[in-house]
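K.L.:
So I've got this file, my_file.cif, and it contains mmCIF, C-alpha atoms and all ligand atoms:
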```cif
data_my_file
loop_
_atom_site.label_atom_id
_atom_site.label_comp_id
_atom_site.auth_asym_id
_atom_site.auth_seq_id
_atom_site.Cartn_x
_atom_site.Cartn_y
_atom_site.Cartn_z
CA MET A 19 0.00 0.00 0.00
CA LYS A 20 1.36 3.43 -0.86
CA ARG A 21 2.06 5.76 2.06
CA ARG A 22 -0.62 8.26 1.12
CA GLU A 23 -3.24 5.57 0.72
CA PHE A 24 -2.20 4.05 4.04
CA LEU A 25 -2.56 7.42 5.77
CA ARG A 26 -5.95 7.95 4.20
CA ASN A 27 -7.18 4.50 5.28
CA ALA A 28 -5.85 5.14 8.77
CA ALA A 29 -7.73 8.45 8.79
CA ILE A 30 -10.98 6.72 7.82
CA VAL A 31 -10.53 4.14 10.57
CA ALA A 32 -9.76 6.88 13.10
CA ALA A 33 -12.77 8.93 12.03
CA THR A 34 -15.02 5.88 12.12
CA GLN A 35 -13.80 4.85 15.57
CA THR A 36 -14.39 8.30 17.05
CA LEU A 37 -17.85 8.42 15.54
CA TYR A 38 -18.89 5.06 16.93
CA SER A 39 -19.23 6.78 20.29
CA SER A 40 -20.55 9.99 18.74
CA PRO A 41 -23.98 11.38 19.62
CA LEU A 42 -24.44 12.37 15.96
CA LYS A 43 -27.20 10.63 14.05
CA GLY A 44 -28.38 10.12 10.47
CA GLU A 45 -27.42 12.79 7.97
CA GLU A 46 -25.20 14.59 10.48
CA LEU A 47 -23.26 11.43 11.14
CA LYS A 48 -22.94 10.70 7.44
CA ALA A 49 -21.64 14.20 6.78
CA SER A 50 -19.17 13.96 9.64
CA LEU A 51 -17.90 10.60 8.48
CA MET A 52 -17.29 11.93 5.00
CA LYS A 53 -15.73 15.12 6.29
CA GLY A 54 -13.67 13.22 8.85
CA GLU A 55 -11.95 11.35 6.10
CA GLN A 56 -10.77 14.64 4.67
CA GLU A 57 -10.06 16.62 7.84
CA ASN A 58 -7.76 13.97 9.24
CA LEU A 59 -5.61 14.00 6.17
CA PRO A 60 -2.10 15.45 6.22
CA PRO A 61 -1.39 18.28 3.75
CA ARG A 62 -1.64 16.93 0.25
CA GLY A 63 0.84 16.75 -2.58
CA PRO A 64 4.27 18.34 -2.98
CA VAL A 65 4.41 21.93 -4.19
CA GLY A 66 4.44 21.97 -7.97
CA GLU A 67 2.26 18.87 -8.33
CA LEU A 68 -0.52 19.35 -10.83
CA LEU A 69 -3.76 20.35 -9.18
CA ILE A 70 -5.96 18.70 -11.81
CA ASP A 71 -4.74 15.18 -12.47
CA SER A 72 -7.41 13.65 -14.71
CA GLU A 73 -9.33 14.33 -17.86
CA PRO A 74 -12.94 15.47 -17.40
CA VAL A 75 -15.60 12.75 -17.33
CA LEU A 76 -19.05 13.57 -18.75
CA GLN A 77 -21.59 12.00 -16.43
CA ASN A 78 -25.34 11.67 -16.81
CA TYR A 79 -26.14 12.35 -20.47
CA ALA A 80 -29.43 14.32 -20.64
CA GLU A 81 -31.33 16.83 -22.77
CA THR A 82 -30.84 19.91 -20.63
CA SER A 83 -28.04 19.15 -18.20
CA MET A 84 -24.58 17.63 -18.01
CA GLY A 85 -22.41 16.50 -15.13
CA ILE A 86 -18.66 17.00 -15.42
CA ALA A 87 -16.24 15.44 -12.92
CA PHE A 88 -12.47 15.51 -12.62
CA SER A 89 -9.81 14.55 -10.12
CA VAL A 90 -7.71 16.98 -8.02
CA THR A 91 -4.64 16.47 -5.85
CA ASP A 92 -5.21 19.20 -3.27
CA TRP A 93 -7.96 21.40 -1.87
CA ALA A 94 -9.50 22.93 -4.97
CA ASN A 95 -12.46 25.05 -5.96
CA GLY A 96 -13.14 23.72 -9.42
CA TYR A 97 -15.17 25.06 -12.29
CA VAL A 98 -16.19 24.57 -15.90
CA ILE A 99 -16.31 27.31 -18.55
CA TYR A 100 -18.77 26.40 -21.29
CA GLY A 101 -20.34 27.97 -24.33
CA GLU A 102 -21.49 27.33 -27.88
CA LYS A 103 -18.49 28.96 -29.55
CA PRO A 104 -15.32 26.88 -30.00
CA ASP A 105 -13.15 29.72 -28.65
CA LEU A 106 -15.45 30.04 -25.61
CA SER A 107 -15.78 33.79 -26.22
CA ASP A 108 -19.38 33.31 -25.03
CA GLY A 109 -18.16 31.19 -22.10
CA ARG A 110 -19.99 31.02 -18.78
CA LYS A 111 -18.22 29.90 -15.64
CA VAL A 112 -19.98 27.42 -13.38
CA TRP A 113 -18.46 26.47 -10.03
CA CYS A 114 -18.59 22.99 -8.57
CA GLY A 115 -21.45 21.97 -6.30
CA GLY A 116 -24.91 23.46 -6.01
CA TYR A 117 -26.47 26.47 -4.29
CA ARG A 118 -25.21 28.22 -1.17
CA MET A 119 -21.55 27.24 -1.37
CA THR A 120 -19.30 25.48 -3.78
CA ALA A 121 -18.21 21.85 -3.41
CA MET A 122 -14.55 22.67 -2.73
CA ASP A 123 -12.84 19.30 -2.39
CA ASN A 124 -9.43 17.68 -2.26
CA GLU A 125 -10.30 14.60 -4.32
CA VAL A 126 -13.05 15.07 -6.86
CA ILE A 127 -14.60 18.13 -8.45
CA GLN A 128 -18.17 17.76 -9.72
CA VAL A 129 -19.78 20.50 -11.79
CA ARG A 130 -23.38 20.42 -12.94
CA LEU A 131 -24.36 22.37 -16.04
CA THR A 132 -28.11 22.99 -16.16
CA GLY A 133 -30.51 24.90 -18.38
CA LEU A 134 -28.85 23.54 -21.53
CA LYS A 135 -30.61 23.25 -24.89
CA PRO A 136 -31.47 19.80 -26.26
CA TYR A 137 -29.30 18.40 -29.04
CA THR A 138 -26.83 21.27 -28.89
CA LEU A 139 -23.08 21.20 -29.25
CA TYR A 140 -21.29 22.79 -26.29
CA TYR A 141 -17.61 23.47 -25.85
CA TYR A 142 -15.98 23.55 -22.43
CA LYS A 143 -12.79 23.68 -20.46
CA ILE A 144 -11.99 22.87 -16.85
CA GLY A 145 -10.10 24.73 -14.15
CA ALA A 146 -9.64 25.06 -10.41
CA ASP A 147 -8.31 27.47 -7.78
CA ARG A 148 -5.91 25.91 -5.30
CA ILE A 149 -7.25 26.73 -1.84
CA GLU A 150 -5.37 27.10 1.41
CA TYR A 151 -8.05 26.79 4.06
CA LYS A 152 -6.96 27.42 7.62
CA ASP A 153 -10.36 28.22 9.08
CA GLY A 154 -13.55 30.04 8.10
CA TYR A 155 -11.84 33.47 8.06
CA HIS A 156 -8.40 32.51 6.82
CA ILE A 157 -8.74 31.25 3.29
CA ARG A 158 -6.31 31.94 0.45
CA ILE A 159 -6.19 31.17 -3.23
CA THR A 160 -2.62 30.01 -3.70
CA GLY A 161 -2.80 29.24 -7.39
CA ASN A 162 -4.99 28.57 -10.38
CA GLU A 163 -4.86 25.87 -12.95
CA GLU A 164 -6.93 26.05 -16.10
CA ARG A 165 -6.59 23.47 -18.81
CA GLU A 166 -5.99 25.01 -22.22
CA GLN A 167 -7.68 22.12 -23.95
CA VAL A 168 -11.22 22.78 -25.16
CA TYR A 169 -13.50 19.73 -25.07
CA SER A 170 -17.02 19.37 -26.42
CA PHE A 171 -20.24 17.41 -25.97
CA ARG A 172 -23.67 17.32 -27.52
CA THR A 173 -26.78 17.11 -25.35
CA ALA A 174 -29.44 14.41 -25.84
CA GLY A 175 -32.77 14.94 -27.57
CA LYS A 176 -35.07 13.84 -30.35
CA GLU A 177 -32.75 15.27 -33.01
CA ALA A 178 -29.67 13.44 -31.77
CA LYS A 179 -27.97 10.75 -33.83
CA SER A 180 -29.39 7.37 -32.79
CA HIS A 181 -26.09 5.72 -32.03
CA PHE A 182 -24.93 4.24 -28.72
CA CYS A 183 -22.42 1.82 -27.22
CA VAL A 184 -22.67 -0.32 -24.10
CA ILE A 185 -19.77 -1.50 -21.96
CA ASN A 186 -20.24 -3.62 -18.81
CA ASP A 187 -18.46 -5.61 -16.11
CA THR A 188 -15.21 -3.78 -16.71
CA HIS A 189 -14.05 -4.50 -13.10
CA ALA A 190 -10.90 -2.35 -13.49
CA LYS A 191 -9.40 -5.00 -15.77
CA TRP A 192 -7.34 -2.72 -17.97
CA ALA A 193 -6.41 -5.42 -20.50
CA ALA A 194 -10.09 -5.57 -21.45
CA PHE A 195 -11.13 -2.00 -20.66
CA GLY A 196 -8.42 -0.44 -22.85
CA PRO A 197 -9.37 -2.15 -26.13
CA ALA A 198 -13.09 -1.81 -25.36
CA ILE A 199 -12.61 1.95 -25.01
CA ASP A 200 -10.49 2.01 -28.19
CA LYS A 201 -13.47 0.44 -30.00
CA VAL A 202 -15.86 3.01 -28.52
CA MET A 203 -13.55 5.86 -29.57
CA GLN A 204 -13.40 4.46 -33.07
CA LEU A 205 -17.21 4.20 -33.26
CA GLN A 206 -17.84 7.69 -31.78
CA PRO A 207 -21.41 7.11 -30.55
CA SER A 208 -23.69 9.86 -29.23
CA CYS A 209 -23.43 8.31 -25.78
CA VAL A 210 -22.07 5.30 -23.90
CA ILE A 211 -23.95 3.30 -21.30
CA TRP A 212 -21.73 1.79 -18.60
CA ASN A 213 -23.92 -1.10 -17.55
CA GLY A 214 -22.54 -1.82 -14.11
CA ASP A 215 -19.72 -3.55 -12.27
CA ALA A 216 -17.19 -0.88 -13.07
CA CYS A 217 -15.91 -1.63 -9.55
CA ASN A 218 -14.87 -4.66 -7.57
CA THR A 219 -14.96 -3.79 -3.86
CA GLU A 220 -13.74 -0.24 -3.35
CA GLU A 221 -12.76 0.94 0.11
CA THR A 222 -11.14 4.29 -0.75
CA ILE A 223 -11.85 7.31 -2.88
CA ALA A 224 -8.41 6.78 -4.48
CA ALA A 225 -9.58 3.38 -5.70
CA GLN A 226 -12.78 4.89 -7.06
CA LYS A 227 -10.83 7.64 -8.85
CA ARG A 228 -8.67 5.03 -10.48
CA ILE A 229 -11.77 3.37 -11.92
CA PHE A 230 -13.95 6.29 -12.95
CA LEU A 231 -11.59 9.23 -13.51
CA LYS A 232 -8.06 7.91 -13.95
CA PRO A 233 -8.23 4.48 -15.55
CA GLU A 234 -4.89 2.92 -16.44
CA ILE A 235 -5.54 2.93 -20.17
CA GLU A 236 -4.24 4.96 -23.07
CA ARG A 237 -7.43 6.92 -23.73
CA LYS A 238 -7.59 8.90 -20.50
CA ASP A 239 -10.08 11.13 -22.33
CA PHE A 240 -12.52 8.23 -22.73
CA ALA A 241 -15.44 10.30 -21.42
CA ALA A 242 -14.19 13.86 -22.05
CA ASN A 243 -16.11 14.32 -25.30
CA ILE A 244 -18.60 11.41 -25.27
CA PRO A 245 -21.21 11.56 -22.49
CA TYR A 246 -21.99 8.53 -20.34
CA LEU A 247 -25.06 7.00 -18.76
CA PHE A 248 -24.46 4.77 -15.75
CA CYS A 249 -26.43 1.75 -14.51
CA PRO A 250 -24.82 0.50 -11.29
CA GLY A 251 -24.06 -3.18 -10.80
CA ASN A 252 -23.91 -5.14 -7.57
CA HIS A 253 -20.15 -4.56 -7.26
CA ASP A 254 -20.67 -0.80 -7.48
CA ASN A 255 -22.38 -1.10 -4.09
CA ARG A 256 -19.57 -2.95 -2.35
CA GLY A 257 -16.85 -1.49 -0.16
CA LEU A 258 -16.94 1.46 2.24
CA ALA A 259 -16.23 4.07 -0.45
CA ASN A 260 -18.93 2.70 -2.75
CA ARG A 261 -21.52 3.36 -0.08
CA HIS A 262 -21.12 6.94 -1.30
CA LEU A 263 -20.60 6.37 -4.99
CA GLU A 264 -22.10 9.81 -5.61
CA ARG A 265 -18.78 11.33 -4.52
CA ILE A 266 -17.32 10.05 -7.77
CA TRP A 267 -20.35 9.59 -10.04
CA MET A 268 -23.03 12.17 -9.36
CA TYR A 269 -26.72 11.41 -9.07
CA ARG A 270 -28.93 12.51 -11.92
CA GLN A 271 -30.59 15.91 -11.78
CA PRO A 272 -33.58 15.95 -9.38
CA GLU A 273 -35.82 17.82 -11.83
CA GLU A 274 -35.86 14.70 -14.01
CA ARG A 275 -38.22 13.00 -11.55
CA GLN A 276 -41.04 13.83 -9.18
CA PRO A 277 -40.57 14.35 -5.44
CA ARG A 278 -41.83 10.84 -4.65
CA ASP A 279 -38.77 9.51 -6.49
CA TRP A 280 -36.22 11.91 -5.00
CA ASP A 281 -33.96 9.07 -3.91
CA LEU A 282 -33.91 7.31 -7.28
CA GLY A 283 -30.93 9.25 -8.58
CA ARG A 284 -29.61 6.41 -10.73
CA ASN A 285 -32.68 5.83 -12.91
CA PHE A 286 -32.86 7.50 -16.27
CA ALA A 287 -35.36 7.94 -19.11
CA VAL A 288 -33.48 9.63 -21.93
CA ARG A 289 -34.41 10.21 -25.54
CA MET A 290 -31.59 10.01 -28.09
CA GLY A 291 -32.87 10.32 -31.65
CA ASP A 292 -35.29 7.48 -32.37
CA ILE A 293 -34.30 5.60 -29.23
CA ALA A 294 -35.71 5.96 -25.71
CA PHE A 295 -33.42 4.61 -23.00
CA ILE A 296 -34.71 3.36 -19.68
CA GLY A 297 -32.10 2.81 -16.97
CA LEU A 298 -32.94 0.58 -13.99
CA ASP A 299 -30.82 -0.33 -10.98
CA THR A 300 -31.03 -3.98 -9.94
CA GLY A 301 -29.06 -3.19 -6.75
CA GLU A 302 -27.17 -5.71 -4.67
CA ASP A 303 -27.44 -9.29 -5.89
CA LYS A 304 -27.51 -10.89 -2.45
CA LEU A 305 -30.60 -11.03 -0.33
CA ASP A 306 -31.05 -8.05 1.98
CA GLY A 307 -31.15 -10.55 4.82
CA ASN A 308 -27.86 -12.22 3.90
CA PRO A 309 -26.04 -12.41 7.27
CA LYS A 310 -22.75 -11.63 5.54
CA PHE A 311 -23.95 -8.08 4.81
CA CYS A 312 -25.30 -7.29 8.33
CA ASN A 313 -28.47 -5.49 7.17
CA LEU A 314 -26.43 -2.89 5.27
CA PHE A 315 -28.46 -3.21 2.07
CA VAL A 316 -32.09 -2.44 1.32
CA SER A 317 -32.39 -3.45 -2.30
CA GLU A 318 -35.89 -4.90 -2.05
CA PRO A 319 -37.81 -1.66 -1.34
CA TYR A 320 -35.49 0.08 -3.82
CA ARG A 321 -36.65 -2.17 -6.64
CA VAL A 322 -40.28 -1.73 -5.65
CA ALA A 323 -39.87 2.06 -5.69
CA GLN A 324 -38.42 1.88 -9.19
CA GLN A 325 -41.63 0.23 -10.41
CA ALA A 326 -43.62 3.42 -9.75
CA TRP A 327 -40.87 5.50 -11.36
CA LEU A 328 -40.84 3.22 -14.41
CA ARG A 329 -44.61 3.39 -14.83
CA ASP A 330 -44.44 7.19 -15.03
CA ALA A 331 -41.26 7.31 -17.12
CA LEU A 332 -42.86 5.15 -19.81
CA ARG A 333 -45.76 7.62 -20.00
CA GLN A 334 -43.53 10.62 -20.76
CA PRO A 335 -44.38 11.72 -24.32
CA GLU A 336 -40.79 11.67 -25.64
CA ILE A 337 -40.33 8.15 -24.25
CA LYS A 338 -43.77 6.90 -25.26
CA LYS A 339 -43.42 8.09 -28.84
CA ALA A 340 -39.88 6.91 -29.54
CA PRO A 341 -39.75 4.24 -32.28
CA TYR A 342 -37.36 2.13 -30.19
CA LEU A 343 -37.51 1.43 -26.47
CA VAL A 344 -34.29 0.04 -25.02
CA ALA A 345 -34.09 -0.84 -21.32
CA LEU A 346 -30.85 -1.34 -19.43
CA CYS A 347 -30.05 -2.94 -16.11
CA HIS A 348 -27.07 -4.82 -14.76
CA ILE A 349 -28.61 -8.13 -13.67
CA PRO A 350 -30.59 -9.87 -16.42
CA LEU A 351 -34.34 -9.96 -15.98
CA TYR A 352 -34.60 -13.31 -17.71
CA ASP A 353 -32.50 -16.40 -17.24
CA PRO A 354 -33.34 -19.80 -18.68
CA ARG A 355 -31.69 -21.22 -15.54
CA PRO A 356 -33.56 -19.56 -12.69
CA ASP A 357 -30.93 -20.73 -10.21
CA ALA A 358 -28.08 -19.07 -12.09
CA ASN A 359 -28.45 -15.63 -10.55
CA PRO A 360 -28.77 -14.64 -6.96
CA GLY A 361 -32.01 -12.94 -6.06
CA ASP A 362 -34.45 -12.17 -3.34
CA ILE A 363 -37.07 -14.83 -3.17
CA TYR A 364 -36.36 -18.51 -2.95
CA PRO A 365 -38.69 -21.45 -2.80
CA ALA A 366 -39.37 -22.96 0.62
CA ASP A 367 -37.54 -26.14 -0.23
CA VAL A 368 -34.19 -24.56 -1.13
CA ASP A 369 -31.44 -25.84 1.16
CA ASP A 370 -29.42 -23.53 3.40
CA LYS A 371 -26.35 -23.75 1.25
CA HIS A 372 -28.13 -22.21 -1.70
CA LYS A 373 -30.44 -19.87 0.16
CA ASN A 374 -28.38 -16.76 -0.23
CA ASN A 375 -27.26 -17.59 -3.68
CA PHE A 376 -30.48 -18.65 -5.19
CA ALA A 377 -31.82 -16.75 -8.13
CA ALA A 378 -35.32 -15.61 -8.36
CA TRP A 379 -34.86 -12.52 -10.41
CA GLN A 380 -37.67 -13.68 -12.64
CA ARG A 381 -39.90 -13.38 -9.62
CA THR A 382 -38.60 -10.06 -8.33
CA CYS A 383 -37.24 -7.48 -10.78
CA SER A 384 -38.78 -9.22 -13.71
CA LYS A 385 -42.19 -9.37 -12.03
CA LEU A 386 -41.95 -5.77 -10.89
CA TRP A 387 -40.72 -4.22 -14.11
CA GLY A 388 -41.25 -6.83 -16.85
CA PRO A 389 -44.99 -6.37 -17.45
CA LEU A 390 -44.59 -2.57 -17.66
CA LEU A 391 -41.76 -2.88 -20.20
CA GLU A 392 -43.76 -5.40 -22.24
CA LYS A 393 -46.89 -3.27 -22.23
CA ALA A 394 -44.85 -0.31 -23.44
CA GLY A 395 -43.50 -2.40 -26.32
CA CYS A 396 -39.87 -2.55 -25.14
CA GLN A 397 -37.94 -4.32 -27.88
CA LEU A 398 -34.57 -4.78 -26.24
CA LEU A 399 -33.21 -5.30 -22.76
CA LEU A 400 -29.46 -4.91 -22.37
CA ALA A 401 -28.04 -6.61 -19.30
CA ALA A 402 -24.69 -7.75 -17.92
CA HIS A 403 -23.53 -9.52 -14.74
CA GLN A 404 -22.90 -13.03 -16.07
CA HIS A 405 -19.59 -12.28 -17.80
CA VAL A 406 -20.68 -14.32 -20.83
CA TYR A 407 -22.20 -12.88 -23.97
CA ARG A 408 -25.70 -14.23 -24.50
CA LEU A 409 -28.64 -13.49 -26.75
CA HIS A 410 -32.13 -14.44 -25.65
CA LYS A 411 -34.74 -14.03 -28.36
CA PRO A 412 -38.29 -13.11 -27.35
CA ASN A 413 -40.30 -16.07 -26.06
CA ASP A 414 -43.42 -16.83 -24.03
CA GLU A 415 -41.81 -15.46 -20.88
CA HIS A 416 -40.53 -12.18 -22.27
CA LYS A 417 -41.51 -10.31 -25.41
CA TRP A 418 -38.31 -8.29 -25.56
CA MET A 419 -34.98 -9.47 -26.82
CA GLN A 420 -32.35 -9.71 -24.09
CA ILE A 421 -28.68 -9.27 -24.80
CA ILE A 422 -26.12 -9.90 -22.06
CA GLY A 423 -22.70 -8.35 -22.54
CA GLY A 424 -19.49 -10.32 -21.93
CA GLY A 425 -17.03 -10.00 -19.04
CA PRO A 426 -13.46 -8.69 -18.82
CA ASP A 427 -11.65 -11.93 -19.70
CA MET A 428 -8.88 -11.39 -22.27
CA SER A 429 -7.08 -14.68 -21.57
CA GLY A 430 -8.70 -16.46 -24.50
CA GLU A 431 -8.79 -19.66 -22.43
CA ASN A 432 -12.51 -20.10 -22.90
CA LYS A 433 -13.87 -19.19 -26.31
CA LYS A 434 -17.21 -18.25 -24.77
CA HIS A 435 -15.59 -15.68 -22.47
CA PHE A 436 -14.72 -12.39 -24.14
CA PRO A 437 -15.42 -8.71 -23.49
CA THR A 438 -17.98 -6.98 -25.68
CA VAL A 439 -18.89 -3.54 -26.89
CA ILE A 440 -22.54 -3.62 -27.87
CA GLU A 441 -23.23 -0.99 -30.50
CA GLY A 442 -26.70 0.17 -31.52
CA GLU A 443 -27.47 2.43 -34.45
CA VAL A 444 -30.66 3.29 -36.33
CA ARG A 445 -30.00 2.73 -40.02
CA ASP A 446 -32.51 2.51 -42.88
CA GLY A 447 -35.50 2.43 -40.54
CA GLN A 448 -34.15 -0.33 -38.29
CA LEU A 449 -32.19 -0.53 -35.08
CA VAL A 450 -29.02 -2.43 -35.94
CA ILE A 451 -27.24 -4.03 -32.98
CA THR A 452 -23.63 -5.00 -33.58
CA VAL A 453 -21.92 -7.07 -30.91
CA HIS A 454 -18.17 -6.45 -31.07
CA ASN A 455 -15.97 -9.23 -29.68
CA ILE A 456 -13.10 -7.34 -28.04
CA TYR A 457 -10.88 -10.42 -27.68
CA THR A 458 -10.93 -11.39 -31.36
CA GLY A 459 -11.46 -7.88 -32.67
CA THR A 460 -14.30 -9.16 -34.87
CA VAL A 461 -18.05 -8.74 -35.05
CA GLN A 462 -19.65 -11.53 -33.02
CA GLU A 463 -23.22 -10.96 -34.09
CA THR A 464 -25.49 -8.50 -35.86
CA ILE A 465 -29.18 -8.21 -35.01
CA THR A 466 -31.83 -5.94 -36.49
CA ILE A 467 -34.85 -4.71 -34.59
CA SER A 468 -37.97 -3.16 -36.14
CA LYS A 469 -39.86 -0.12 -34.87
CA ARG A 470 -42.32 -0.74 -32.10
CA ARG A 471 -46.00 -0.61 -32.90
FE FE B 1 -19.48 -8.42 -12.95
#
```
I need this file expressed as structure tokens, please.
Ligand SMILES: [Fe+2]

P.N.:
Amino acid sequence: MKRREFLRNAAIVAATQTLYSSPLKGEELKASLMKGEQENLPPRGPVGELLIDSEPVLQNYAETSMGIAFSVTDWANGYVIYGEKPDLSDGRKVWCGGYRMTAMDNEVIQVRLTGLKPYTLYYYKIGADRIEYKDGYHIRITGNEEREQVYSFRTAGKEAKSHFCVINDTHAKWAAFGPAIDKVMQLQPSCVIWNGDACNTEETIAAQKRIFLKPEIERKDFAANIPYLFCPGNHDNRGLANRHLERIWMYRQPEERQPRDWDLGRNFAVRMGDIAFIGLDTGEDKLDGNPKFCNLFVSEPYRVAQQAWLRDALRQPEIKKAPYLVALCHIPLYDPRPDANPGDIYPADVDDKHKNNFAAWQRTCSKLWGPLLEKAGCQLLLAAHQHVYRLHKPNDEHKWMQIIGGGPDMSGENKKHFPTVIEGEVRDGQLVITVHNIYTGTVQETITISKRR
């Protein structure tokens, strides 16, 4: 373990130990825990070290907003300057965070651009003031770093080019992630959907930054000009740091959903050209009551809450009228072997050994969401989780086609195990799905899907 990481872990442990006997509760405790991790840190970084040490990452592709995150090495008050002119002569500066005060931070800067126009090309650059913060009255700006590079993105909307890519189960396996990203960069889609299990079990913010902001691949700018949508997988819930994944990957804008659904910040209903995307979060794949997890997960009510959200999302005019309805979630909703995936409900006769590992996704997520997706005429469900590419054609149990993306295995030992980039593009009045085999560098399969009725 590197010294800095060791110190940071020690700081978390110290903060946690103090707070075990703390009178603080709920939100206050959460805030203190998160702050504690930072306050107990020694001064960061040698003088002269770059303040911004990652490319920007475009999070939460939407019609009228965009999230931009980047990594910093010291206390920084970050910002984005954006405009519609390539030279940014019309540039507006937006500070990190929300109202009231900025989100000055010493790890990750998150800037939200709102009030954007649909299907519009925006240019932007990133910057940050280095902050010396002694106390509330003794604050100094000790430097400024502004990247010269101008990046760009295009917002979503009905006019957008109907072209997307899906990556999944990347698990910080750079040998697979690198070439998958190279394929995405070559294809230049309107957006990429990261369909879960980006993580393994992440205990520190440094580990999260390595996955989402500073991957060890050549294309560090993987998400600087192509916006991403994110569907979390079960592994994105695991580890102390991942309990606050929003520190690294921000929640979606609250105005996208009604107050009842305020806590469903990972769900999305986004229109991109002829395609309407629905993003669902299957949550943890172990039972909430699994003794191993000590009641730390509440996936069951979370999935139920998403049913109400889904019902309303499918009624939104731009979603309802889209010629193609594509749903995404990490854990497949259909499996021909019901015992292949862990789930929530198990039959009474299942033995103890299999209790916590038994799949009944068909009876939980599939029952909750499946009928709504079918009624809406969903043609395609894109899932992940199993680390093996699979295609399930519509049958009596599900009217949609289900495609499961492959895992991060580049060993070539098993011909069935290879990473995929699933590309979708509307061409000549059809949605053409091309499954790219990243191990062989060839096209594994091509599927065409007609417009929904
Ligand atoms: Fe996985």

K.L.:
Would you kindly identify which residues have an atom no farther than 7 Å from (-10.9, 23.2, -18.8), using only C-alpha atoms and the file's own coordinates, and write them out as an mmCIF file with C-alpha atoms, keeping the file's coordinate frame?

P.N.:
```cif
data_model
loop_
_atom_site.group_PDB
_atom_site.id
_atom_site.type_symbol
_atom_site.label_atom_id
_atom_site.label_comp_id
_atom_site.auth_asym_id
_atom_site.auth_seq_id
_atom_site.Cartn_x
_atom_site.Cartn_y
_atom_site.Cartn_z
ATOM 1 C CA VAL A 98 -16.190 24.570 -15.900
ATOM 2 C CA ILE A 99 -16.310 27.310 -18.550
ATOM 3 C CA TYR A 142 -15.980 23.550 -22.430
ATOM 4 C CA LYS A 143 -12.790 23.680 -20.460
ATOM 5 C CA ILE A 144 -11.990 22.870 -16.850
ATOM 6 C CA GLY A 145 -10.100 24.730 -14.150
ATOM 7 C CA GLU A 164 -6.930 26.050 -16.100
ATOM 8 C CA ARG A 165 -6.590 23.470 -18.810
ATOM 9 C CA GLU A 166 -5.990 25.010 -22.220
ATOM 10 C CA GLN A 167 -7.680 22.120 -23.950
ATOM 11 C CA VAL A 168 -11.220 22.780 -25.160
#
```

K.L.:
For the atom pair CA of Ile293 in chain A and CA of Trp387 in chain A, what is the interatomic distance in Å to one decimal place?

P.N.:
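Separation of CA of Ile293 in chain A and CA of Trp387 in chain A: 19.1 Å.
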
K.L.:
Counting all atoms listed in the file, which of A:Gln271, A:Ile422, A:Asp330, A:Phe295 gets nearest to Gly116 in chain A?

P.N.:
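Result for the nearest residue to Gly116 in chain A: A:Gln271.
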
K.L.:
Could I get the residue neighbourhood of ligand FE 1 (chain B) at 10 Å, counting all atoms listed in the file, as a short mmCIF file (atom, residue, chain, number, x, y, z; two decimals) with C-alpha atoms, in the coordinates of the input?

P.N.:
```
data_model
loop_
_atom_site.label_atom_id
_atom_site.label_comp_id
_atom_site.auth_asym_id
_atom_site.auth_seq_id
_atom_site.Cartn_x
_atom_site.Cartn_y
_atom_site.Cartn_z
CA ASN A 186 -20.24 -3.62 -18.81
CA ASP A 187 -18.46 -5.61 -16.11
CA THR A 188 -15.21 -3.78 -16.71
CA HIS A 189 -14.05 -4.50 -13.10
CA ASN A 213 -23.92 -1.10 -17.55
CA GLY A 214 -22.54 -1.82 -14.11
CA ASP A 215 -19.72 -3.55 -12.27
CA ALA A 216 -17.19 -0.88 -13.07
CA CYS A 217 -15.91 -1.63 -9.55
CA ASN A 218 -14.87 -4.66 -7.57
CA GLY A 251 -24.06 -3.18 -10.80
CA ASN A 252 -23.91 -5.14 -7.57
CA HIS A 253 -20.15 -4.56 -7.26
CA ASP A 254 -20.67 -0.80 -7.48
CA HIS A 348 -27.07 -4.82 -14.76
CA ILE A 349 -28.61 -8.13 -13.67
CA ALA A 402 -24.69 -7.75 -17.92
CA HIS A 403 -23.53 -9.52 -14.74
CA GLN A 404 -22.90 -13.03 -16.07
CA HIS A 405 -19.59 -12.28 -17.80
CA VAL A 406 -20.68 -14.32 -20.83
CA GLY A 424 -19.49 -10.32 -21.93
CA GLY A 425 -17.03 -10.00 -19.04
CA PRO A 426 -13.46 -8.69 -18.82
#
```

K.L.:
Could you work out how far CA of Thr173 in chain A lies from CA of Thr138 in chain A, giving the answer in Å with one decimal?

P.N.:
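Distance reported for this atom pair: 5.5 Å.
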
K.L.:
Report the distance between CA of Tyr100 in chain A and CA of Leu139 in chain A in Å, rounded to one decimal place.

P.N.:
10.4 Å

K.L.:
For each of A:Asn432, A:Gln226, A:Tyr352, A:Asp71, take the minimum atom-to-atom distance to Pro412 in chain A, counting all atoms listed in the file, then give the residue where this is smallest.

P.N.:
A:Tyr352

K.L.:
Show me, as a ChimeraX atom specification, the residues that have an atom within 6 Å of range 77-91 of chain A when counting all atoms listed in the file, minus same-chain residues fewer than 2 positions from it.

P.N.:
/A:69-72,74-75,125-136,173-175,245-247

K.L.:
Quick one: everything within 7 Å of Ile199 in chain A, counting only C-alpha atoms, minus sequence neighbours fewer than 4 positions away in the same chain. Send it as an MDAnalysis selection string.

P.N.:
chainID A and resid 195 203 240

K.L.:
For the structure just given, write the atoms of range 119-125 of chain A, namely C-alpha atoms, as an mmCIF file, in the first residue's frame.

P.N.:
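The new file out28.cif reads:
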```
data_model
loop_
_atom_site.group_PDB
_atom_site.id
_atom_site.type_symbol
_atom_site.label_atom_id
_atom_site.label_comp_id
_atom_site.auth_asym_id
_atom_site.auth_seq_id
_atom_site.Cartn_x
_atom_site.Cartn_y
_atom_site.Cartn_z
ATOM 1 C CA MET A 119 -21.553 27.241 -1.371
ATOM 2 C CA THR A 120 -19.296 25.476 -3.779
ATOM 3 C CA ALA A 121 -18.211 21.851 -3.410
ATOM 4 C CA MET A 122 -14.548 22.668 -2.727
ATOM 5 C CA ASP A 123 -12.843 19.302 -2.387
ATOM 6 C CA ASN A 124 -9.428 17.683 -2.262
ATOM 7 C CA GLU A 125 -10.300 14.598 -4.317
#
```
